[in-house]
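> Contents of start21.txt (compact mmCIF, C-alpha atoms and all ligand atoms) are given next:
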```txt
# COMPACT_ATOMS: atom_id res chain seq x y z
CA MET A 1146 -30.85 24.87 -46.07
CA ARG A 1147 -32.25 21.59 -44.74
CA LEU A 1148 -35.25 21.35 -42.45
CA PRO A 1149 -35.73 18.64 -39.81
CA VAL A 1150 -37.89 15.95 -41.47
CA GLN A 1151 -40.57 15.99 -38.76
CA VAL A 1152 -41.25 19.69 -39.35
CA THR A 1153 -43.89 19.87 -42.03
CA GLY A 1154 -46.63 22.04 -43.46
CA PHE A 1155 -47.27 25.40 -41.85
CA ALA A 1156 -44.58 24.87 -39.20
CA ALA A 1157 -41.99 24.20 -41.89
CA LEU A 1158 -43.08 27.26 -43.83
CA THR A 1159 -42.91 29.61 -40.83
CA SER A 1160 -39.59 28.09 -39.80
CA LEU A 1161 -38.26 28.57 -43.31
CA LEU A 1162 -39.57 32.14 -43.44
CA SER A 1163 -38.17 33.10 -40.06
CA VAL A 1164 -34.73 31.71 -40.94
CA PHE A 1165 -34.88 33.52 -44.27
CA ILE A 1166 -36.01 36.81 -42.72
CA THR A 1167 -33.37 36.55 -40.01
CA SER A 1168 -30.64 35.90 -42.54
CA VAL A 1169 -31.53 38.88 -44.72
CA THR A 1170 -32.19 41.41 -41.97
CA ALA A 1171 -29.61 40.53 -39.35
CA TYR A 1172 -27.44 43.57 -39.92
CA ALA A 1173 -26.10 45.49 -36.95
CA ASP A 1174 -27.16 49.13 -36.81
CA PRO A 1175 -24.49 51.73 -37.55
CA LEU A 1176 -22.44 52.81 -34.53
CA PRO A 1177 -23.78 56.00 -32.91
CA CYS A 1178 -22.45 59.15 -34.60
CA GLU A 1179 -22.08 62.55 -32.89
CA GLY A 1180 -21.61 66.05 -34.29
CA THR A 1181 -22.04 66.71 -38.03
CA CYS A 1182 -22.91 63.25 -39.40
CA THR A 1183 -24.51 64.63 -42.59
CA ASN A 1184 -22.58 66.16 -45.54
CA THR A 1185 -21.10 62.71 -45.96
CA HIS A 1186 -21.90 61.40 -49.45
CA ASP A 1187 -19.29 58.80 -50.56
CA PRO A 1188 -17.27 59.24 -47.37
CA SER A 1189 -13.58 58.46 -46.99
CA LEU A 1190 -12.00 58.10 -43.54
CA ILE A 1191 -8.52 57.95 -42.05
CA GLN A 1192 -6.90 58.60 -38.69
CA ARG A 1193 -3.99 61.08 -38.80
CA ALA A 1194 -0.85 59.31 -37.63
CA SER A 1195 0.69 62.34 -35.87
CA ASP A 1196 -2.09 63.04 -33.32
CA GLY A 1197 -4.84 60.46 -33.76
CA THR A 1198 -7.37 62.95 -35.21
CA TYR A 1199 -9.89 61.34 -37.57
CA PHE A 1200 -10.44 63.00 -40.96
CA ARG A 1201 -13.50 62.47 -43.11
CA PHE A 1202 -13.88 63.61 -46.72
CA ALA A 1203 -17.06 63.66 -48.82
CA THR A 1204 -18.47 64.32 -52.29
CA GLY A 1205 -19.48 67.83 -53.34
CA GLY A 1206 -17.95 71.27 -53.87
CA GLY A 1207 -14.24 71.12 -53.05
CA MET A 1208 -14.84 68.01 -50.92
CA SER A 1209 -15.69 68.78 -47.31
CA ILE A 1210 -13.26 67.94 -44.50
CA HIS A 1211 -14.65 67.01 -41.09
CA THR A 1212 -12.47 66.07 -38.13
CA ALA A 1213 -13.17 64.22 -34.88
CA PRO A 1214 -11.32 62.79 -31.90
CA SER A 1215 -13.03 59.41 -32.44
CA ILE A 1216 -14.51 57.56 -35.41
CA GLN A 1217 -17.91 58.12 -33.74
CA GLY A 1218 -17.35 61.88 -33.49
CA PRO A 1219 -18.13 64.49 -32.52
CA TRP A 1220 -17.46 65.48 -36.16
CA THR A 1221 -16.79 69.15 -36.98
CA PHE A 1222 -16.63 70.78 -40.41
CA VAL A 1223 -13.21 72.41 -40.86
CA GLY A 1224 -12.98 73.26 -44.58
CA GLU A 1225 -12.44 71.78 -48.03
CA VAL A 1226 -9.67 69.99 -49.92
CA LEU A 1227 -9.98 71.99 -53.18
CA GLU A 1228 -10.91 75.45 -51.90
CA ASN A 1229 -11.00 76.86 -55.45
CA GLY A 1230 -12.16 73.74 -57.26
CA SER A 1231 -10.07 71.25 -59.22
CA SER A 1232 -7.52 72.35 -61.80
CA ILE A 1233 -8.87 69.64 -64.12
CA ASP A 1234 -10.37 71.16 -67.26
CA ASN A 1235 -13.64 69.25 -67.32
CA SER A 1236 -17.25 69.99 -66.52
CA GLY A 1237 -17.76 69.43 -62.78
CA ALA A 1238 -14.39 70.84 -61.64
CA ASP A 1239 -16.13 72.80 -58.87
CA ASP A 1240 -18.03 69.73 -57.66
CA ALA A 1241 -15.54 66.93 -56.98
CA TRP A 1242 -16.82 63.45 -56.20
CA ALA A 1243 -15.97 60.32 -54.28
CA PRO A 1244 -12.80 61.17 -52.34
CA ASP A 1245 -10.48 58.25 -51.51
CA VAL A 1246 -7.86 59.03 -48.87
CA HIS A 1247 -4.63 57.06 -48.27
CA LEU A 1248 -1.29 57.64 -46.59
CA VAL A 1249 1.38 57.15 -49.27
CA GLY A 1250 4.85 57.36 -47.74
CA ASP A 1251 4.52 60.45 -45.53
CA MET A 1252 1.93 62.20 -47.73
CA TYR A 1253 -1.83 61.93 -47.58
CA HIS A 1254 -3.38 61.48 -51.03
CA VAL A 1255 -7.02 62.18 -51.83
CA TYR A 1256 -8.12 60.77 -55.20
CA TYR A 1257 -11.28 62.34 -56.60
CA SER A 1258 -13.47 62.46 -59.71
CA VAL A 1259 -14.51 65.33 -61.94
CA SER A 1260 -17.59 64.42 -63.97
CA THR A 1261 -21.26 65.17 -64.42
CA PHE A 1262 -24.14 62.87 -63.48
CA GLY A 1263 -25.06 60.31 -66.12
CA THR A 1264 -22.12 61.03 -68.48
CA GLN A 1265 -18.79 59.33 -69.25
CA GLU A 1266 -17.02 62.71 -69.53
CA SER A 1267 -14.91 61.97 -66.48
CA VAL A 1268 -11.41 62.45 -65.08
CA ILE A 1269 -9.73 61.10 -61.94
CA GLY A 1270 -7.50 63.57 -60.07
CA VAL A 1271 -5.42 63.67 -56.91
CA ALA A 1272 -4.53 66.20 -54.23
CA THR A 1273 -1.86 65.75 -51.53
CA SER A 1274 -1.09 67.14 -48.10
CA GLU A 1275 1.27 66.27 -45.24
CA SER A 1276 -1.31 67.09 -42.56
CA MET A 1277 -4.75 67.00 -44.28
CA ASP A 1278 -5.60 70.36 -42.70
CA PRO A 1279 -7.57 72.81 -44.88
CA GLY A 1280 -5.28 75.17 -46.82
CA THR A 1281 -2.42 72.64 -46.99
CA TRP A 1282 -3.58 70.70 -50.07
CA THR A 1283 -1.72 70.67 -53.39
CA ASP A 1284 -3.89 69.77 -56.36
CA HIS A 1285 -1.98 67.69 -58.91
CA GLY A 1286 -4.92 67.53 -61.34
CA SER A 1287 -5.46 64.42 -63.46
CA ILE A 1288 -3.68 61.15 -62.65
CA GLY A 1289 -3.80 60.47 -66.40
CA LEU A 1290 -7.03 58.48 -66.29
CA SER A 1291 -10.13 59.79 -68.04
CA SER A 1292 -13.05 58.56 -70.11
CA THR A 1293 -15.37 59.85 -72.76
CA GLU A 1294 -18.56 58.66 -74.47
CA GLY A 1295 -18.07 55.24 -76.06
CA ASP A 1296 -15.25 54.08 -73.75
CA ASP A 1297 -15.57 50.75 -71.95
CA TYR A 1298 -15.66 52.45 -68.54
CA ASN A 1299 -16.47 55.62 -66.65
CA ALA A 1300 -13.40 57.13 -64.94
CA ILE A 1301 -14.90 57.95 -61.54
CA ASP A 1302 -14.92 56.44 -58.04
CA ALA A 1303 -11.17 55.98 -57.67
CA ASN A 1304 -9.70 53.58 -55.12
CA LEU A 1305 -5.97 53.15 -54.51
CA PHE A 1306 -4.64 49.80 -53.32
CA GLN A 1307 -1.02 49.82 -52.15
CA SER A 1308 1.00 46.61 -52.27
CA GLU A 1309 4.69 45.97 -51.69
CA ASP A 1310 5.68 46.21 -55.34
CA VAL A 1311 2.89 47.92 -57.30
CA ASP A 1312 0.03 50.28 -56.45
CA TYR A 1313 -3.30 49.65 -58.17
CA MET A 1314 -6.08 52.03 -59.11
CA SER A 1315 -9.59 50.57 -59.22
CA PHE A 1316 -12.44 52.66 -60.57
CA GLY A 1317 -15.66 52.60 -62.57
CA SER A 1318 -19.35 53.17 -62.43
CA PHE A 1319 -22.10 51.72 -64.67
CA TRP A 1320 -21.18 51.19 -68.38
CA GLY A 1321 -18.53 48.40 -68.03
CA ASP A 1322 -18.75 48.54 -64.21
CA LEU A 1323 -15.44 48.09 -62.36
CA PHE A 1324 -11.94 48.29 -63.87
CA GLN A 1325 -8.38 48.45 -62.56
CA THR A 1326 -4.99 49.68 -63.71
CA THR A 1327 -1.51 50.24 -62.23
CA MET A 1328 0.09 53.38 -60.79
CA ASN A 1329 3.62 54.73 -61.03
CA GLY A 1330 5.80 54.63 -57.90
CA ASP A 1331 4.70 58.03 -56.56
CA ALA A 1332 1.01 56.99 -56.79
CA LEU A 1333 0.30 60.32 -58.53
CA THR A 1334 -0.09 59.04 -62.09
CA VAL A 1335 -1.18 55.84 -63.85
CA THR A 1336 1.40 53.80 -65.76
CA GLY A 1337 -0.68 53.93 -68.94
CA ASP A 1338 -1.17 50.14 -69.03
CA ALA A 1339 -4.62 49.36 -70.43
CA PRO A 1340 -7.26 49.12 -67.68
CA TYR A 1341 -8.74 45.61 -67.25
CA GLN A 1342 -12.17 44.64 -65.98
CA ILE A 1343 -12.48 43.23 -62.45
CA GLU A 1344 -16.29 43.09 -62.08
CA LEU A 1345 -19.32 43.21 -64.36
CA ASN A 1346 -23.02 42.89 -63.61
CA ASP A 1347 -24.48 43.33 -67.07
CA THR A 1348 -28.11 43.16 -65.97
CA GLY A 1349 -30.42 46.17 -65.98
CA THR A 1350 -28.50 49.42 -65.84
CA ARG A 1351 -25.16 47.73 -64.91
CA PRO A 1352 -25.34 49.41 -61.54
CA SER A 1353 -21.93 48.66 -59.94
CA GLU A 1354 -19.67 51.46 -58.71
CA ALA A 1355 -17.53 52.64 -55.78
CA ALA A 1356 -14.91 49.85 -55.76
CA TYR A 1357 -12.88 49.48 -52.57
CA ILE A 1358 -10.26 46.74 -52.26
CA PHE A 1359 -9.16 45.59 -48.80
CA GLN A 1360 -6.73 42.81 -47.95
CA HIS A 1361 -7.62 40.43 -45.13
CA ASP A 1362 -5.39 37.47 -44.32
CA GLU A 1363 -4.39 35.93 -47.67
CA ASN A 1364 -7.34 37.30 -49.65
CA TYR A 1365 -8.32 40.50 -51.41
CA TYR A 1366 -11.88 41.71 -50.95
CA LEU A 1367 -13.51 43.89 -53.59
CA PHE A 1368 -16.31 45.86 -51.96
CA PHE A 1369 -18.63 47.80 -54.25
CA SER A 1370 -21.99 49.54 -54.28
CA SER A 1371 -24.77 48.14 -56.43
CA GLY A 1372 -27.96 49.99 -57.31
CA ILE A 1373 -29.31 53.52 -57.42
CA CYS A 1374 -27.36 55.91 -55.22
CA CYS A 1375 -29.18 59.18 -55.26
CA GLY A 1376 -32.22 61.33 -55.71
CA TYR A 1377 -34.53 59.21 -53.51
CA SER A 1378 -36.51 62.31 -52.50
CA ASP A 1379 -37.48 62.78 -56.18
CA THR A 1380 -37.84 59.16 -57.35
CA MET A 1381 -37.80 56.06 -55.18
CA PRO A 1382 -36.08 53.04 -56.82
CA ALA A 1383 -38.02 49.79 -57.18
CA PRO A 1384 -37.67 47.82 -53.91
CA GLY A 1385 -34.25 46.14 -53.83
CA GLU A 1386 -32.79 48.40 -56.53
CA GLU A 1387 -31.59 51.04 -54.05
CA TYR A 1388 -27.90 51.20 -53.03
CA LYS A 1389 -26.44 48.20 -51.22
CA ILE A 1390 -22.94 47.03 -50.42
CA MET A 1391 -21.58 43.90 -52.11
CA VAL A 1392 -18.31 41.99 -51.81
CA CYS A 1393 -16.25 39.61 -53.95
CA ARG A 1394 -13.01 37.83 -53.06
CA SER A 1395 -9.82 36.87 -54.88
CA GLU A 1396 -6.37 35.45 -54.09
CA THR A 1397 -4.81 38.16 -56.25
CA VAL A 1398 -5.59 41.86 -56.23
CA THR A 1399 -5.89 41.95 -60.03
CA GLY A 1400 -8.80 39.58 -60.28
CA GLY A 1401 -10.40 36.26 -60.33
CA TYR A 1402 -12.98 37.79 -57.95
CA VAL A 1403 -15.81 35.42 -56.96
CA ASP A 1404 -18.70 35.68 -54.52
CA ALA A 1405 -19.48 33.39 -51.55
CA ASP A 1406 -21.33 30.99 -53.90
CA GLY A 1407 -18.30 30.82 -56.20
CA THR A 1408 -19.94 32.85 -58.97
CA SER A 1409 -17.49 34.98 -60.92
CA CYS A 1410 -17.88 38.68 -60.27
CA LEU A 1411 -17.27 39.22 -63.97
CA GLU A 1412 -20.55 37.34 -64.46
CA LYS A 1413 -23.01 39.08 -62.14
CA GLY A 1414 -21.53 37.67 -58.92
CA GLY A 1415 -21.51 39.51 -55.59
CA THR A 1416 -22.42 38.73 -51.97
CA GLN A 1417 -24.40 41.35 -50.10
CA VAL A 1418 -22.63 42.73 -47.02
CA LEU A 1419 -25.13 45.42 -46.10
CA GLY A 1420 -28.50 46.50 -47.46
CA SER A 1421 -31.55 48.41 -46.28
CA HIS A 1422 -32.75 47.28 -42.84
CA GLY A 1423 -34.78 48.84 -40.04
CA THR A 1424 -34.51 52.61 -40.43
CA VAL A 1425 -31.36 52.29 -42.60
CA TYR A 1426 -32.05 52.70 -46.35
CA GLY A 1427 -29.73 52.57 -49.37
CA PRO A 1428 -26.31 52.18 -47.71
CA GLY A 1429 -23.33 52.60 -50.09
CA GLY A 1430 -20.46 54.74 -51.32
CA GLN A 1431 -18.45 52.70 -48.82
CA GLY A 1432 -14.85 52.24 -47.89
CA VAL A 1433 -13.10 49.86 -45.49
CA TYR A 1434 -10.61 51.04 -42.87
CA ASP A 1435 -8.46 49.05 -40.51
CA ASP A 1436 -9.20 51.15 -37.45
CA PRO A 1437 -6.45 51.04 -34.80
CA SER A 1438 -8.98 50.42 -32.01
CA LEU A 1439 -12.01 48.75 -33.66
CA GLY A 1440 -10.21 46.68 -36.31
CA PRO A 1441 -11.61 46.61 -39.87
CA VAL A 1442 -14.74 48.75 -40.26
CA VAL A 1443 -16.96 49.45 -43.25
CA TYR A 1444 -18.05 53.08 -43.49
CA TYR A 1445 -20.72 54.40 -45.86
CA HIS A 1446 -23.56 56.88 -46.30
CA TYR A 1447 -27.19 55.93 -45.77
CA VAL A 1448 -30.67 57.37 -45.41
CA ASP A 1449 -32.11 57.32 -41.91
CA THR A 1450 -35.79 56.89 -42.80
CA THR A 1451 -36.83 58.75 -39.62
CA ILE A 1452 -34.92 61.85 -40.86
CA GLY A 1453 -35.33 62.17 -44.64
CA TYR A 1454 -34.49 60.74 -48.07
CA ALA A 1455 -32.79 63.81 -49.60
CA ASP A 1456 -29.13 63.45 -50.60
CA GLY A 1457 -28.30 66.23 -48.11
CA ASP A 1458 -29.86 64.21 -45.28
CA LYS A 1459 -27.62 61.19 -45.80
CA ARG A 1460 -25.69 60.14 -42.73
CA LEU A 1461 -22.36 58.54 -41.95
CA GLY A 1462 -22.60 54.86 -41.04
CA VAL A 1463 -19.78 52.83 -39.51
CA ASN A 1464 -19.96 49.10 -38.71
CA VAL A 1465 -17.31 46.74 -37.41
CA LEU A 1466 -16.67 43.92 -39.90
CA ASN A 1467 -16.77 40.36 -38.61
CA TRP A 1468 -14.63 38.04 -40.72
CA SER A 1469 -15.21 34.87 -38.73
CA ASP A 1470 -17.91 33.46 -41.02
CA ASP A 1471 -15.96 31.24 -43.49
CA GLY A 1472 -13.65 34.11 -44.39
CA TRP A 1473 -16.48 36.35 -45.61
CA PRO A 1474 -17.11 39.71 -43.94
CA SER A 1475 -20.43 40.49 -42.26
CA VAL A 1476 -21.77 43.30 -40.10
C1 LIG A 1501 -8.12 80.29 -53.61
O1 LIG A 1501 -8.36 81.55 -54.19
C2 LIG A 1501 -8.14 82.64 -53.29
C3 LIG A 1501 -8.59 83.92 -53.97
O2 LIG A 1501 -8.08 84.00 -55.27
C4 LIG A 1501 -6.66 82.66 -52.90
O3 LIG A 1501 -6.41 83.69 -51.99
C5 LIG A 1501 -6.30 81.32 -52.27
O4 LIG A 1501 -4.91 81.28 -52.03
C6 LIG A 1501 -6.67 80.16 -53.19
N1 LIG A 1501 -6.47 78.91 -52.46
C7 LIG A 1501 -5.75 77.92 -52.97
C8 LIG A 1501 -5.63 76.68 -52.12
O5 LIG A 1501 -5.21 77.94 -54.07
C1 LIG A 1502 -27.01 43.20 -60.64
O1 LIG A 1502 -27.89 44.16 -61.17
C2 LIG A 1502 -29.25 43.89 -60.91
C3 LIG A 1502 -30.07 44.91 -61.70
O2 LIG A 1502 -29.91 46.19 -61.21
C4 LIG A 1502 -29.49 43.93 -59.41
O3 LIG A 1502 -30.85 43.63 -59.12
C5 LIG A 1502 -28.58 42.90 -58.74
O4 LIG A 1502 -28.71 43.00 -57.33
C6 LIG A 1502 -27.13 43.13 -59.12
N1 LIG A 1502 -26.30 42.06 -58.61
C7 LIG A 1502 -25.16 42.28 -57.96
C8 LIG A 1502 -24.39 41.07 -57.56
O5 LIG A 1502 -24.74 43.39 -57.67
C1 LIG A 1503 -19.10 36.92 -35.86
O1 LIG A 1503 -19.71 35.96 -36.69
C2 LIG A 1503 -19.72 34.66 -36.08
C3 LIG A 1503 -20.22 33.68 -37.15
O2 LIG A 1503 -21.36 34.14 -37.79
C4 LIG A 1503 -20.58 34.69 -34.85
O3 LIG A 1503 -20.60 33.42 -34.23
C5 LIG A 1503 -20.00 35.73 -33.87
O4 LIG A 1503 -20.86 35.86 -32.76
C6 LIG A 1503 -19.84 37.09 -34.54
N1 LIG A 1503 -19.13 37.98 -33.66
C7 LIG A 1503 -19.60 39.19 -33.34
C8 LIG A 1503 -18.70 40.01 -32.46
O5 LIG A 1503 -20.66 39.62 -33.74
```
Starting from the file, lay out its structure as structure tokens.
Ligand SMILES: *[C@@H]1O[C@H](CO)[C@@H](O)[C@H](O)[C@H]1NC(C)=O
Ligand SMILES: *[C@@H]1O[C@H](CO)[C@@H](O)[C@H](O)[C@H]1NC(C)=O
Ligand SMILES: *[C@@H]1O[C@H](CO)[C@@H](O)[C@H](O)[C@H]1NC(C)=O

Amino acid sequence: MRLPVQVTGFAALTSLLSVFITSVTAYADPLPCEGTCTNTHDPSLIQRASDGTYFRFATGGGMSIHTAPSIQGPWTFVGEVLENGSSIDNSGADDAWAPDVHLVGDMYHVYYSVSTFGTQESVIGVATSESMDPGTWTDHGSIGLSSTEGDDYNAIDANLFQSEDVDYMSFGSFWGDLFQTTMNGDALTVTGDAPYQIELNDTGTRPSEAAYIFQHDENYYLFFSSGICCGYSDTMPAPGEEYKIMVCRSETVTGGYVDADGTSCLEKGGTQVLGSHGTVYGPGGQGVYDDPSLGPVVYYHYVDTTIGYADGDKRLGVNVLNWSDDGWPSV
């Protein structure tokens, strides 16, 4: 940033500070949300094609399903995807994480994770339904992707990306951060090709997770969450180390992701899209959805500091993405 030459001393400093403060805090607030906007950790959203009803899925138990006539609600709890838990034989089968919903052909797929906090004993599974209504889900169990202690990655936080020829599965959390592999044609199982790394921030605790790839114009955008997700009511992270939403960009879905400064996202790169601001704290666990009426939106969970920091208090946030700034998304 360059300052006008005649602006010096204190004036220059305050000008510099105000520009700096504006640029780091100028995030729009989440859109208003009505109905049940909690019970929304690691949300995943989609509008049902047949009748326009919005469906929202979230971490925990058999993964809650909320429905609404609009993306802003009012949201109503209607049931769970895995009413009797996952068929995956792994610790955590009754507490599925990080749902990722997509329409594949004429079937809705929800990818999910079975794991336990702080371990690499993890499996990615999938359930399918034609309508997404409770009681209509078929659990297919593992997609053939799992991890155990000592592996390069942690097999959680699945994200499907569908392209004309191949479907891709991105995943990962801490350890080696974010990886990707390919899916078979039915998008129910991985091909078995070795997963490859698409992002690594090897500082501190290697805190990248929750990959979500979205295509915009000719580019692929890798959104992810960086920082500490959970447990704020027990231990507050150091300032700046709480959850925040980052983005990297590539001309191919498989990698070469860089941030807005051109830094490789395999070498600590990442441009912040949304962080704590105002009464919003620790936004993350995001996805991106091309909403039929609003256009591309980023949706996520966050703490409303006027309500409470407990994981159960986290709320659904939705912001319209603005791509007009040099091809980088902002809110
Ligand atoms: C869950 O278990 C109950 C009781 O065993 C059974 O009636 C129900 O059909 C099961 N639901 C699914 C989706 O398998
Ligand atoms: C990388 O990790 C460090 C340490 O947690 C964090 O402060 C930083 O924001 C992260 N960078 C990116 C691009 O996510
Ligand atoms: C989108 O971003 C551009 C560039 O920063 C800005 O000029 C424009 O006002 C923004 N549009 C909206 C709807 O916020």
> What residues have an atom no more than 8 Å from (-4.8, 50.3, -56.0) in the file's own frame, counting only C-alpha atoms, and can you write them as a PDB file with C-alpha atoms, keeping the file's coordinate frame?

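Final file, selection.pdb:
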```pdb
ATOM      1  CA  ASN A1304      -9.700  53.580 -55.120  1.00  0.00           C
ATOM      2  CA  LEU A1305      -5.970  53.150 -54.510  1.00  0.00           C
ATOM      3  CA  PHE A1306      -4.640  49.800 -53.320  1.00  0.00           C
ATOM      4  CA  GLN A1307      -1.020  49.820 -52.150  1.00  0.00           C
ATOM      5  CA  SER A1308       1.000  46.610 -52.270  1.00  0.00           C
ATOM      6  CA  ASP A1312       0.030  50.280 -56.450  1.00  0.00           C
ATOM      7  CA  TYR A1313      -3.300  49.650 -58.170  1.00  0.00           C
ATOM      8  CA  MET A1314      -6.080  52.030 -59.110  1.00  0.00           C
ATOM      9  CA  SER A1315      -9.590  50.570 -59.220  1.00  0.00           C
ATOM     10  CA  GLN A1325      -8.380  48.450 -62.560  1.00  0.00           C
ATOM     11  CA  THR A1326      -4.990  49.680 -63.710  1.00  0.00           C
ATOM     12  CA  THR A1327      -1.510  50.240 -62.230  1.00  0.00           C
ATOM     13  CA  MET A1328       0.090  53.380 -60.790  1.00  0.00           C
ATOM     14  CA  ILE A1358     -10.260  46.740 -52.260  1.00  0.00           C
TER      15      ILE A1358
END
```
> Can you measure CA of Pro1244 in chain A to atom N1 of ligand LIG 1501 (chain A) for me? One decimal in Å is fine.
18.8 Å
> Could you work out how far CA of Gly1237 in chain A lies from CA of Leu1333 in chain A, giving the answer in Å with one decimal?
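Between CA of Leu1333 in chain A and CA of Gly1237 in chain A the gap works out to 20.7 Å.
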> Can you write out as JSON lines which residues of chain A fall within 9 Å of ligand LIG 1503 (chain A), alongside each residue's closest atom pair and its distance in Å to one decimal, counting all atoms listed in the file and ordering rows by chain and ascending residue number?

```
{"residue": "A:Ala1173", "atom": "CA", "partner": "A:LIG1503", "partner_atom": "O5", "distance": 8.6}
{"residue": "A:Val1465", "atom": "CA", "partner": "A:LIG1503", "partner_atom": "C8", "distance": 8.5}
{"residue": "A:Leu1466", "atom": "CA", "partner": "A:LIG1503", "partner_atom": "C1", "distance": 8.4}
{"residue": "A:Asn1467", "atom": "CA", "partner": "A:LIG1503", "partner_atom": "C1", "distance": 5.0}
{"residue": "A:Trp1468", "atom": "CA", "partner": "A:LIG1503", "partner_atom": "C1", "distance": 6.7}
{"residue": "A:Ser1469", "atom": "CA", "partner": "A:LIG1503", "partner_atom": "O1", "distance": 5.1}
{"residue": "A:Asp1470", "atom": "CA", "partner": "A:LIG1503", "partner_atom": "C3", "distance": 4.5}
{"residue": "A:Asp1471", "atom": "CA", "partner": "A:LIG1503", "partner_atom": "C3", "distance": 8.0}
{"residue": "A:Pro1474", "atom": "CA", "partner": "A:LIG1503", "partner_atom": "O1", "distance": 8.6}
{"residue": "A:Ser1475", "atom": "CA", "partner": "A:LIG1503", "partner_atom": "O1", "distance": 7.2}
{"residue": "A:Val1476", "atom": "CA", "partner": "A:LIG1503", "partner_atom": "O5", "distance": 7.4}
```
> Please produce a file of the residues just selected, as a tab-separated table (two decimals), keeping the file's coordinate frame, where the atoms kept are C-alpha atoms.

```tsv
chain	number	residue	atom	x	y	z
A	1173	ALA	CA	-26.10	45.49	-36.95
A	1465	VAL	CA	-17.31	46.74	-37.41
A	1466	LEU	CA	-16.67	43.92	-39.90
A	1467	ASN	CA	-16.77	40.36	-38.61
A	1468	TRP	CA	-14.63	38.04	-40.72
A	1469	SER	CA	-15.21	34.87	-38.73
A	1470	ASP	CA	-17.91	33.46	-41.02
A	1471	ASP	CA	-15.96	31.24	-43.49
A	1474	PRO	CA	-17.11	39.71	-43.94
A	1475	SER	CA	-20.43	40.49	-42.26
A	1476	VAL	CA	-21.77	43.30	-40.10
```
> Find the distance between CA of Gly1414 in chain A and atom N1 of ligand LIG 1502 (chain A) and write it in Å to one decimal.
6.5 Å
> Pick the closest to ligand LIG 1502 (chain A) from A:Ser1371, A:Ser1421, A:Ser1209, A:Thr1283: which is it, counting only C-alpha atoms and all ligand atoms?
A:Ser1371
> Could you write out as JSON the box around range 1313-1322 of chain A (axis-aligned, all atoms listed in the file, 5 Å on each side), with centre and edge lengths in Å to one decimal?

```
{"center_x": -12.7, "center_y": 50.8, "center_z": -63.3, "size_x": 28.8, "size_y": 14.8, "size_z": 20.2}
```
> Let me see if you get this right: every residue at most 7 Å from ligand LIG 1502 (chain A), counting only C-alpha atoms and all ligand atoms, written as a PDB file with C-alpha atoms, keeping the file's coordinate frame.

```
ATOM      1  CA  ASN A1346     -23.020  42.890 -63.610  1.00  0.00           C
ATOM      2  CA  ASP A1347     -24.480  43.330 -67.070  1.00  0.00           C
ATOM      3  CA  THR A1348     -28.110  43.160 -65.970  1.00  0.00           C
ATOM      4  CA  GLY A1349     -30.420  46.170 -65.980  1.00  0.00           C
ATOM      5  CA  THR A1350     -28.500  49.420 -65.840  1.00  0.00           C
ATOM      6  CA  ARG A1351     -25.160  47.730 -64.910  1.00  0.00           C
ATOM      7  CA  PRO A1352     -25.340  49.410 -61.540  1.00  0.00           C
ATOM      8  CA  SER A1353     -21.930  48.660 -59.940  1.00  0.00           C
ATOM      9  CA  SER A1371     -24.770  48.140 -56.430  1.00  0.00           C
ATOM     10  CA  GLY A1372     -27.960  49.990 -57.310  1.00  0.00           C
ATOM     11  CA  GLY A1385     -34.250  46.140 -53.830  1.00  0.00           C
ATOM     12  CA  GLU A1386     -32.790  48.400 -56.530  1.00  0.00           C
ATOM     13  CA  MET A1391     -21.580  43.900 -52.110  1.00  0.00           C
ATOM     14  CA  LYS A1413     -23.010  39.080 -62.140  1.00  0.00           C
ATOM     15  CA  GLY A1414     -21.530  37.670 -58.920  1.00  0.00           C
ATOM     16  CA  GLY A1415     -21.510  39.510 -55.590  1.00  0.00           C
ATOM     17  CA  THR A1416     -22.420  38.730 -51.970  1.00  0.00           C
TER      18      THR A1416
END
```
> Which residues sit within 12 Å of ligand LIG 1501 (chain A), counting all atoms listed in the file, listed as a ChimeraX atom specification?
/A:1207,1224-1232,1272-1274,1278-1285
> Let me make sure I understand: among A:Asp1458, A:Glu1344, A:Tyr1253, A:Ile1233, which one has the smallest atom-to-atom distance to Gln1192 in chain A if we use only C-alpha atoms?
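Under the stated criterion, the closest residue is A:Tyr1253.
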> For Pro1384 in chain A, which of A:Tyr1357, A:Gly1420, A:Val1448, A:Asp1297 is the closest residue, counting only C-alpha atoms?
A:Gly1420
> Neighbourhood query: residues within 7 Å of (-20.4, 55.1, -38.6), file coordinates, counting only C-alpha atoms; return as a list in words.
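Here is the list of nearby residues: Pro1175, Leu1176, Pro1177, Cys1178, Gln1217, Tyr1444, Leu1461, Gly1462, Val1463 and Asn1464 of chain A.
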> With distances taken over only C-alpha atoms, which residue among A:Asp1245, A:Asp1234, A:Asp1174, A:Asp1379 lies nearest Ala1303 in chain A?
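Checking each of A:Asp1245, A:Asp1234, A:Asp1174, A:Asp1379 against Ala1303 in chain A, counting only C-alpha atoms, the winner is A:Asp1245.
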> Considering all atoms listed in the file, state which residue in the set A:Thr1424, A:Thr1334, A:Gln1342, A:Asn1364 is at the smallest distance from Cys1410 in chain A.
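Closest candidate: A:Gln1342.
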